[in-house]
Amino acid sequence: MLWNALGLALQEIRRNALRSFLTMLGIVIGVAAVVTMITVGDGATMQVSQQIQSLGSNLVMIVPSRRMGPVHGGVGAPAFRRADIEAIRRDIDGLKAAAPLASSSLTAVVGNGNWLSAVTGTDNAFFTVREWPINAGRRFSSTELVSGSAVCIVGATVQRELFGDEPALGARLRLGKMACRVIGLLAAKGQSAMGSDQDNLILMPIRTFQRRISGNQDIGLIQVSANSGDSVAALQVSLEALLRERRHIAVNEDDNFTMMSTREIGETLAGTLTILTALLGTVAAVSLLVGGIGIMNIMLVSVTERTREIGIRLAIGALMRDVLLQFLVEAVVLSAIGGLLGIALAILATLAITDMIGVPFVLNLGIILLGFSFATVIGVVFGYFPARRAAHMAPIEALRHE
C-alpha cells in the first residue's frame, strides 16, 4: 500500500511539475540556509582553534594590567622586570620555558623600501614557548643576548615586503636611528585568531630593545609554556602566587596583572562562534516553517481540485486511512525532495563561501541528516491536516462536487 501511495504521489508531482517545484522552494531554501550556516560556522570554529594552537600549545600569557588589552603592555599597573622572569624560571615547577617580551610598532627601512612592523625584544625562550622554528639562519647567541647586540630575526611578511627575492640573511635594516643585522628568518605562521598577521614581526635581543628603542627596563608581556596540557591549571596557580608575592599584593587586594591561557582563549572564542552559529541556524530554520506552510497551502488546493477523485476512491471501497496515507505521502515526498535539493545547494554554497572567506570546509554528516530529517518532519506536520481533511470527506458530497 505504501509503495502504491508513493507511486501516486510521484505521478501527481510530475503532473504539476512547476507548482510542485515552487512548493518545494521554501524547503530547499530553508534546508540550504540551515546547513550552510552551521557548516560555515563549524569551519570558522576549526580555523579559530588552529590559529589559537599556532600561538603555542599549553601557553600562558601574563600582562601587567587588570585586563587583557589588544596590545602588549599594562594598563595602570607596574611593568614586569627581568628579575620576575628569573624568579619564574627558578621557582615554578612544571615549567617548559618562560619568555619576556617588550614590543613596539616601528617602520623598518631597507634601501628605498619601508614597512610598518611589530618589533619585539625577547630571548631564545620565545622560540620554545611559541613553538616557532627558524627557517634559515640561527637564534641569538648568548653573547648577543648579554651585550645587547644590534641583530634581529624577521618574520615571513617582513622578509617578503622588504627584501623580496633578495637574500635577507646578513642584510641590514634600519629601525628609527638604529640599524640591525638579520641573522635568522622565522617560519611562516599566518594570521592569528584575532586576524592580525603573526609574520609581520621583527625579533631582537630584549636588552637591545630596551637600550636602543624603549629606553627603559619594562617588560610588557610574559609568555610561559607548561610541560603538558594537564599542568596548565597548576602552573597558573603557582604563577599567580609567585607574582602576587613579588608585586607585594595584599590578601584582600585584586591582582594587578592578567593571566590567560591559549586554552581559555580558544574555549571562549569557540563558545562565542558556536552561539552565533546556533543563532544564525535558528533564524535560517524559520524559512523551513514558511516552506511547511507553503506545502500545507498547496496540499489544501490539491485536495479541493481532486475532490471527485477522492469521492470515487471512497465510493469503490478505499478506506479513510488509504486516502490519508496517499496525501500524507505526497506531502512528505515534496518535503524530502526539497530537502535533498537543499542539501545539494548547501554544499555548493558552503564550498563557495568557505573559499571566499578563507575558512576550512568541514562536512558534518550529522547536520546534513538533521536538515533532511527536519524537512521530512515538516512534510508530515504540515501535510497531515490536508490529508486528514481529504480522508474525512463524505463520499456522496465529494461525488457531487463540480
# chains A, B, ... in the order shown; residues from 1 in each chain; ligands from 1
>>> select_by_dssp(residues="range 111-277 of chain A", states="strand (DSSP E or B)", output="PDB file with C-alpha atoms, in the first residue's frame")
ATOM      1  CA  GLY A 113      61.558  50.327   0.848  1.00  0.00           C
ATOM      2  CA  ASN A 114      59.838  50.635   4.215  1.00  0.00           C
ATOM      3  CA  TRP A 115      57.326  48.556   6.149  1.00  0.00           C
ATOM      4  CA  LEU A 116      55.476  49.080   9.451  1.00  0.00           C
ATOM      5  CA  SER A 117      56.082  46.081  11.674  1.00  0.00           C
ATOM      6  CA  ALA A 118      55.859  44.887  15.281  1.00  0.00           C
ATOM      7  CA  VAL A 119      59.353  44.981  16.799  1.00  0.00           C
ATOM      8  CA  THR A 120      59.736  42.704  19.827  1.00  0.00           C
ATOM      9  CA  GLY A 121      62.577  42.328  22.275  1.00  0.00           C
ATOM     10  CA  THR A 122      62.873  38.821  23.723  1.00  0.00           C
ATOM     11  CA  ILE A 134      63.615  29.271  12.227  1.00  0.00           C
ATOM     12  CA  ASN A 135      63.609  28.533   8.508  1.00  0.00           C
ATOM     13  CA  ALA A 136      67.069  29.871   7.852  1.00  0.00           C
ATOM     14  CA  GLY A 137      69.886  31.348   9.896  1.00  0.00           C
ATOM     15  CA  VAL A 151      70.948  41.774  15.462  1.00  0.00           C
ATOM     16  CA  CYS A 152      67.430  40.680  14.524  1.00  0.00           C
ATOM     17  CA  ILE A 153      65.310  37.790  13.258  1.00  0.00           C
ATOM     18  CA  VAL A 154      62.493  38.660  10.848  1.00  0.00           C
ATOM     19  CA  ARG A 172      70.859  45.260   7.426  1.00  0.00           C
ATOM     20  CA  LEU A 173      67.593  47.023   8.117  1.00  0.00           C
ATOM     21  CA  ARG A 174      67.045  50.320   9.893  1.00  0.00           C
ATOM     22  CA  LEU A 175      64.592  50.873  12.758  1.00  0.00           C
ATOM     23  CA  MET A 178      69.366  52.075  14.829  1.00  0.00           C
ATOM     24  CA  ALA A 179      70.414  49.529  12.241  1.00  0.00           C
ATOM     25  CA  CYS A 180      70.438  45.783  12.882  1.00  0.00           C
ATOM     26  CA  ARG A 181      71.811  42.788  11.005  1.00  0.00           C
ATOM     27  CA  VAL A 182      69.431  39.986  10.037  1.00  0.00           C
ATOM     28  CA  ILE A 183      70.679  36.667  11.443  1.00  0.00           C
ATOM     29  CA  GLY A 184      67.550  34.500  11.066  1.00  0.00           C
ATOM     30  CA  LEU A 185      64.283  34.035   9.170  1.00  0.00           C
ATOM     31  CA  LEU A 186      61.191  32.770  11.016  1.00  0.00           C
ATOM     32  CA  GLN A 191      47.045  35.058  10.792  1.00  0.00           C
ATOM     33  CA  ASP A 197      49.476  38.912  10.775  1.00  0.00           C
ATOM     34  CA  LEU A 201      57.374  40.592  13.197  1.00  0.00           C
ATOM     35  CA  ILE A 202      60.976  41.570  13.931  1.00  0.00           C
ATOM     36  CA  LEU A 203      62.691  39.970  16.926  1.00  0.00           C
ATOM     37  CA  MET A 204      65.796  41.293  18.660  1.00  0.00           C
ATOM     38  CA  PRO A 205      67.555  40.667  21.998  1.00  0.00           C
ATOM     39  CA  ILE A 219      58.662  44.013  30.125  1.00  0.00           C
ATOM     40  CA  LEU A 221      54.304  40.607  28.411  1.00  0.00           C
ATOM     41  CA  ILE A 222      55.495  37.292  29.814  1.00  0.00           C
ATOM     42  CA  GLN A 223      54.722  34.107  27.888  1.00  0.00           C
ATOM     43  CA  VAL A 224      55.049  30.830  29.772  1.00  0.00           C
ATOM     44  CA  SER A 225      54.565  27.285  28.465  1.00  0.00           C
ATOM     45  CA  ALA A 226      53.772  24.253  30.604  1.00  0.00           C
ATOM     46  CA  THR A 258      46.101  39.471  33.989  1.00  0.00           C
ATOM     47  CA  MET A 259      46.759  35.857  33.130  1.00  0.00           C
ATOM     48  CA  MET A 260      45.126  33.839  30.365  1.00  0.00           C
ATOM     49  CA  SER A 261      45.984  30.560  28.678  1.00  0.00           C
TER      50      SER A 261
END
>>> residues_around(residues="Gly342 in chain A", least_positions_apart="6", cutoff="9 Å", atoms="only C-alpha atoms", output="PyMOL selection string")
chain A and resi 25+27-33+35+371-372
>>> write_last_selection(atoms="N, CA and C atoms", output="PDB file, in the first residue's frame")
ATOM      1  N   LEU A  25      10.282  25.021  -2.999  1.00  0.00           N
ATOM      2  CA  LEU A  25      11.315  26.048  -2.954  1.00  0.00           C
ATOM      3  C   LEU A  25      11.572  26.539  -1.523  1.00  0.00           C
ATOM      4  N   ILE A  27      11.241  24.809   1.233  1.00  0.00           N
ATOM      5  CA  ILE A  27      12.016  23.779   1.918  1.00  0.00           C
ATOM      6  C   ILE A  27      13.460  23.803   1.437  1.00  0.00           C
ATOM      7  N   VAL A  28      13.667  23.952   0.128  1.00  0.00           N
ATOM      8  CA  VAL A  28      15.019  23.995  -0.441  1.00  0.00           C
ATOM      9  C   VAL A  28      15.829  25.124   0.189  1.00  0.00           C
ATOM     10  N   ILE A  29      15.236  26.306   0.219  1.00  0.00           N
ATOM     11  CA  ILE A  29      15.938  27.469   0.766  1.00  0.00           C
ATOM     12  C   ILE A  29      16.184  27.288   2.269  1.00  0.00           C
ATOM     13  N   GLY A  30      15.176  26.778   2.984  1.00  0.00           N
ATOM     14  CA  GLY A  30      15.319  26.595   4.421  1.00  0.00           C
ATOM     15  C   GLY A  30      16.415  25.613   4.786  1.00  0.00           C
ATOM     16  N   VAL A  31      16.411  24.441   4.148  1.00  0.00           N
ATOM     17  CA  VAL A  31      17.434  23.432   4.422  1.00  0.00           C
ATOM     18  C   VAL A  31      18.814  23.950   4.021  1.00  0.00           C
ATOM     19  N   ALA A  32      18.901  24.584   2.847  1.00  0.00           N
ATOM     20  CA  ALA A  32      20.187  25.109   2.380  1.00  0.00           C
ATOM     21  C   ALA A  32      20.734  26.154   3.347  1.00  0.00           C
ATOM     22  N   ALA A  33      19.858  27.032   3.842  1.00  0.00           N
ATOM     23  CA  ALA A  33      20.305  28.083   4.758  1.00  0.00           C
ATOM     24  C   ALA A  33      20.801  27.496   6.073  1.00  0.00           C
ATOM     25  N   VAL A  35      21.876  24.333   6.782  1.00  0.00           N
ATOM     26  CA  VAL A  35      23.090  23.527   6.616  1.00  0.00           C
ATOM     27  C   VAL A  35      24.288  24.414   6.301  1.00  0.00           C
ATOM     28  N   GLY A 371      19.191  18.173   8.804  1.00  0.00           N
ATOM     29  CA  GLY A 371      18.448  19.025   7.878  1.00  0.00           C
ATOM     30  C   GLY A 371      17.434  18.245   7.069  1.00  0.00           C
ATOM     31  N   PHE A 372      17.842  17.068   6.586  1.00  0.00           N
ATOM     32  CA  PHE A 372      16.919  16.231   5.801  1.00  0.00           C
ATOM     33  C   PHE A 372      15.785  15.718   6.686  1.00  0.00           C
TER      34      PHE A 372
END
>>> atom_distance(atom1="CA of Glu330 in chain A", atom2="CA of Ala349 in chain A")
28.3 Å
>>> residues_around(residues="Gly294 in chain A", least_positions_apart="6", cutoff="12 Å", atoms="only C-alpha atoms", output="CSV table (one decimal) with C-alpha atoms, in the first residue's frame")
chain,number,residue,atom,x,y,z
A,19,ARG,CA,3.7,24.0,-9.0
A,20,SER,CA,5.5,21.2,-7.1
A,21,PHE,CA,8.9,22.9,-7.6
A,22,LEU,CA,7.6,26.3,-6.4
A,23,THR,CA,6.1,24.5,-3.4
A,24,MET,CA,9.4,22.8,-2.6
A,25,LEU,CA,11.3,26.0,-3.0
A,26,GLY,CA,10.7,27.1,0.6
A,27,ILE,CA,12.0,23.8,1.9
A,28,VAL,CA,15.0,24.0,-0.4
A,287,SER,CA,12.3,29.7,6.4
A,288,LEU,CA,11.6,25.9,6.8
A,300,LEU,CA,-5.3,22.0,0.6
A,301,VAL,CA,-5.6,23.3,-3.0
A,331,ALA,CA,3.4,16.0,1.2
A,334,LEU,CA,7.6,17.0,-1.7
A,335,SER,CA,9.5,17.9,1.5
A,378,ILE,CA,7.9,19.5,8.2
A,379,GLY,CA,6.2,17.4,5.4
A,382,PHE,CA,2.1,20.4,7.6
A,383,GLY,CA,0.8,17.6,5.3
A,386,PRO,CA,-4.9,18.5,4.3
>>> residues_around(residues="Leu145 in chain A", least_positions_apart="5", cutoff="7 Å", atoms="only C-alpha atoms", output="list in words")
Asp123, Phe140, Pro205 and Arg207 of chain A
>>> atom_distance(atom1="CA of Asp93 in chain A", atom2="CA of Trp132 in chain A")
23.0 Å
>>> atom_distance(atom1="CA of Ser105 in chain A", atom2="CA of Glu144 in chain A")
22.3 Å
